[in-house]
file protein_27.csv (CSV, C-alpha atoms)
chain,number,residue,atom,x,y,z
A,1,THR,CA,0.0,0.0,0.0
A,2,THR,CA,1.0,3.6,-0.3
A,3,LYS,CA,1.2,3.9,3.5
A,4,GLN,CA,3.6,1.0,3.8
A,5,ARG,CA,5.8,2.4,1.0
A,6,ASP,CA,5.8,5.8,2.7
A,7,ASP,CA,6.8,4.2,6.0
A,8,LEU,CA,9.6,2.3,4.3
A,9,LEU,CA,10.8,5.5,2.5
A,10,PHE,CA,10.9,7.3,5.9
A,11,LYS,CA,12.9,4.5,7.4
A,12,ALA,CA,15.2,4.3,4.4
A,13,LYS,CA,15.9,8.1,4.3
A,14,ASN,CA,16.8,8.0,8.0
A,15,LEU,CA,19.1,5.0,7.5
A,16,HIS,CA,20.7,6.6,4.5
A,17,LYS,CA,21.4,9.8,6.4
A,18,LEU,CA,23.0,7.8,9.2
A,19,LEU,CA,25.2,5.9,6.7
A,20,VAL,CA,26.4,9.0,4.9
A,21,GLU,CA,27.4,10.4,8.3
A,22,ASN,CA,28.9,7.1,9.5
A,23,PRO,CA,29.9,4.9,6.5
A,24,GLU,CA,32.0,2.7,8.7
A,25,ARG,CA,28.7,1.4,10.2
A,26,PHE,CA,27.4,0.0,6.9
A,27,SER,CA,28.0,-3.7,7.8
A,28,GLU,CA,26.4,-3.3,11.3
A,29,LEU,CA,23.4,-1.5,10.0
A,30,ALA,CA,22.9,-3.8,7.0
A,31,LYS,CA,22.8,-6.8,9.4
A,32,LYS,CA,20.2,-5.0,11.5
A,33,HIS,CA,18.0,-3.4,8.8
A,34,SER,CA,18.3,-5.2,5.5
A,35,ASP,CA,15.3,-7.2,4.3
A,36,ASP,CA,17.5,-9.3,2.1
A,37,ALA,CA,18.4,-12.2,4.3
A,38,LYS,CA,21.3,-13.4,2.1
A,39,THR,CA,23.2,-10.1,2.1
A,40,ALA,CA,22.1,-9.0,5.6
A,41,GLN,CA,23.9,-12.0,7.3
A,42,ASN,CA,27.1,-10.9,5.4
A,43,GLY,CA,26.8,-7.2,6.5
A,44,GLY,CA,25.4,-6.2,3.2
A,45,VAL,CA,28.3,-7.6,1.2
A,46,THR,CA,27.5,-9.2,-2.2
A,47,GLU,CA,29.9,-10.9,-4.6
A,48,TYR,CA,31.4,-8.9,-7.4
A,49,PHE,CA,28.9,-8.6,-10.2
A,50,ALA,CA,28.7,-7.7,-13.8
A,51,ARG,CA,26.2,-5.4,-15.4
A,52,ASN,CA,22.6,-6.7,-15.9
A,53,THR,CA,22.8,-8.7,-12.7
A,54,TYR,CA,20.6,-6.4,-10.5
A,55,SER,CA,18.0,-3.8,-11.1
A,56,PRO,CA,18.9,-1.0,-13.5
A,57,GLU,CA,18.3,1.6,-10.8
A,58,MET,CA,20.7,-0.1,-8.4
A,59,GLU,CA,23.4,-0.7,-11.1
A,60,ALA,CA,23.2,2.9,-12.3
A,61,GLN,CA,24.2,4.0,-8.8
A,62,ALA,CA,26.7,1.1,-8.0
A,63,PHE,CA,28.7,1.5,-11.2
A,64,LYS,CA,29.4,5.2,-10.7
A,65,LEU,CA,30.5,5.0,-7.1
A,66,ARG,CA,34.1,5.3,-5.9
A,67,ASP,CA,35.6,2.9,-3.3
A,68,ASN,CA,33.9,3.2,0.1
A,69,GLU,CA,31.4,5.7,-1.2
A,70,ILE,CA,27.7,5.4,-0.2
A,71,SER,CA,25.1,5.7,-3.0
A,72,GLU,CA,22.1,7.9,-3.0
A,73,LEU,CA,18.9,6.2,-1.8
A,74,ILE,CA,17.8,3.9,-4.6
A,75,SER,CA,14.1,3.3,-5.3
A,76,THR,CA,13.3,0.0,-7.1
A,77,LYS,CA,10.1,-2.0,-7.7
A,78,ASP,CA,11.1,-4.1,-4.6
A,79,GLY,CA,11.6,-1.2,-2.2
A,80,PHE,CA,14.7,0.9,-1.4
A,81,GLU,CA,18.4,0.1,-1.5
A,82,ILE,CA,21.6,1.7,-0.4
A,83,VAL,CA,24.9,0.6,-1.8
A,84,LYS,CA,28.4,1.0,-0.5
A,85,LEU,CA,31.2,0.2,-3.0
A,86,ILE,CA,34.0,-1.7,-1.3
A,87,GLY,CA,36.0,-2.4,-4.5
A,88,ARG,CA,36.1,-3.5,-8.1
A,89,LYS,CA,37.7,-6.3,-10.0
call {"tool": "encode", "arguments": {"input": "protein_27.csv", "output": "structure tokens"}}
result
Amino acid sequence: TTKQRDDLLFKAKNLHKLLVENPERFSELAKKHSDDAKTAQNGGVTEYFARNTYSPEMEAQAFKLRDNEISELISTKDGFEIVKLIGRK
């Protein structure tokens, strides 16, 4: 519903602000707040990935980041995402 999405957006905006101010807490906060069980248990870490693996919205942000940079808040059909680039291959 619109109310649920608004509530998620509010939570995501607050979390994003906290991460921008404290990027070193990304792993801790991903474990606590991520709805993606697979990456949450790893502190938000995913394997290296090629283009066309994730949503276009997420990839547009991820592939322009510099190491250790936090993305803008990303809105996708599944909700909201925040990416921190830890490195490239």
call {"tool": "residues_near_point", "arguments": {"input": "protein_27.csv", "point": "(29.9, 1.9, 5.9)", "cutoff": "12 Å", "atoms": "all atoms listed in the file", "output": "JSON, numbers by chain"}}
result
{"A": [15, 16, 17, 18, 19, 20, 21, 22, 23, 24, 25, 26, 27, 28, 29, 30, 31, 43, 44, 45, 67, 68, 69, 70, 71, 82, 83, 84, 85, 86]}
call {"tool": "atom_distance", "arguments": {"input": "protein_27.csv", "atom1": "atom CA of Asp35 of chain A", "atom2": "atom CA of Ala60 of chain A"}}
result
21.0 Å
call {"tool": "closest_residue", "arguments": {"input": "protein_27.csv", "among": "A:Met58, A:Glu47, A:Gly87, A:Ile74", "to": "Lys13 of chain A", "atoms": "all atoms listed in the file"}}
result
A:Ile74
call {"tool": "closest_residue", "arguments": {"input": "protein_27.csv", "among": "A:Ala62, A:Glu57, A:Phe49, A:Asn42", "to": "Ser75 of chain A", "atoms": "only C-alpha atoms"}}
result
A:Glu57
call {"tool": "atom_distance", "arguments": {"input": "protein_27.csv", "atom1": "atom CA of His33 of chain A", "atom2": "atom CA of Lys77 of chain A"}}
result
18.3 Å
call {"tool": "atom_distance", "arguments": {"input": "protein_27.csv", "atom1": "atom CA of Lys11 of chain A", "atom2": "atom CA of Phe80 of chain A"}}
result
9.7 Å
call {"tool": "closest_residue", "arguments": {"input": "protein_27.csv", "among": "A:Ala40, A:Lys32, A:Phe10, A:Ala50", "to": "Leu73 of chain A", "atoms": "all atoms listed in the file"}}
result
A:Phe10
call {"tool": "closest_residue", "arguments": {"input": "protein_27.csv", "among": "A:Lys64, A:Asp78, A:Arg51, A:Lys89", "to": "Asp36 of chain A", "atoms": "all atoms listed in the file"}}
result
A:Asp78
call {"tool": "closest_residue", "arguments": {"input": "protein_27.csv", "among": "A:Thr76, A:Ser34, A:Arg88, A:Thr2", "to": "Pro56 of chain A", "atoms": "all atoms listed in the file"}}
result
A:Thr76
call {"tool": "axis_aligned_box", "arguments": {"input": "protein_27.csv", "around": "segment 64-69 of chain A", "padding_each_side": "4 Å", "output": "JSON"}}
result
{"center_x": 32.5, "center_y": 4.3, "center_z": -5.3, "size_x": 14.2, "size_y": 10.8, "size_z": 18.8}
call {"tool": "decode", "arguments": {"input": "protein_27.csv", "residues": "segment 35-46 of chain A", "atoms": "N, CA, C and O atoms", "output": "mmCIF file, in the first residue's frame"}}
result
data_model
loop_
_atom_site.group_PDB
_atom_site.id
_atom_site.type_symbol
_atom_site.label_atom_id
_atom_site.label_comp_id
_atom_site.auth_asym_id
_atom_site.auth_seq_id
_atom_site.Cartn_x
_atom_site.Cartn_y
_atom_site.Cartn_z
ATOM 1 N N ASP A 35 16.313 -6.170 4.487
ATOM 2 C CA ASP A 35 15.265 -7.179 4.301
ATOM 3 C C ASP A 35 15.747 -8.332 3.425
ATOM 4 O O ASP A 35 15.028 -9.306 3.235
ATOM 5 N N ASP A 36 16.954 -8.221 2.891
ATOM 6 C CA ASP A 36 17.538 -9.273 2.058
ATOM 7 C C ASP A 36 18.335 -10.203 2.970
ATOM 8 O O ASP A 36 19.460 -9.893 3.363
ATOM 9 N N ALA A 37 17.739 -11.323 3.319
ATOM 10 C CA ALA A 37 18.354 -12.228 4.301
ATOM 11 C C ALA A 37 19.755 -12.675 3.882
ATOM 12 O O ALA A 37 20.644 -12.795 4.721
ATOM 13 N N LYS A 38 19.966 -12.916 2.596
ATOM 14 C CA LYS A 38 21.263 -13.408 2.124
ATOM 15 C C LYS A 38 22.370 -12.386 2.362
ATOM 16 O O LYS A 38 23.420 -12.720 2.894
ATOM 17 N N THR A 39 22.142 -11.128 1.972
ATOM 18 C CA THR A 39 23.194 -10.137 2.147
ATOM 19 C C THR A 39 23.232 -9.579 3.570
ATOM 20 O O THR A 39 24.286 -9.184 4.039
ATOM 21 N N ALA A 40 22.099 -9.573 4.251
ATOM 22 C CA ALA A 40 22.076 -9.045 5.626
ATOM 23 C C ALA A 40 23.039 -9.824 6.516
ATOM 24 O O ALA A 40 23.793 -9.229 7.281
ATOM 25 N N GLN A 41 23.014 -11.140 6.410
ATOM 26 C CA GLN A 41 23.887 -11.951 7.274
ATOM 27 C C GLN A 41 25.364 -11.706 6.992
ATOM 28 O O GLN A 41 26.211 -11.959 7.837
ATOM 29 N N ASN A 42 25.674 -11.174 5.799
ATOM 30 C CA ASN A 42 27.060 -10.852 5.429
ATOM 31 C C ASN A 42 27.360 -9.371 5.602
ATOM 32 O O ASN A 42 28.316 -8.868 5.015
ATOM 33 N N GLY A 43 26.531 -8.665 6.332
ATOM 34 C CA GLY A 43 26.758 -7.238 6.533
ATOM 35 C C GLY A 43 26.539 -6.418 5.278
ATOM 36 O O GLY A 43 27.125 -5.358 5.111
ATOM 37 N N GLY A 44 25.681 -6.910 4.397
ATOM 38 C CA GLY A 44 25.370 -6.188 3.170
ATOM 39 C C GLY A 44 26.304 -6.475 2.013
ATOM 40 O O GLY A 44 26.142 -5.918 0.931
ATOM 41 N N VAL A 45 27.266 -7.358 2.220
ATOM 42 C CA VAL A 45 28.263 -7.641 1.173
ATOM 43 C C VAL A 45 27.696 -8.628 0.155
ATOM 44 O O VAL A 45 27.138 -9.661 0.520
ATOM 45 N N THR A 46 27.854 -8.298 -1.127
ATOM 46 C CA THR A 46 27.524 -9.213 -2.211
ATOM 47 C C THR A 46 28.822 -9.572 -2.926
ATOM 48 O O THR A 46 29.844 -8.911 -2.754
#
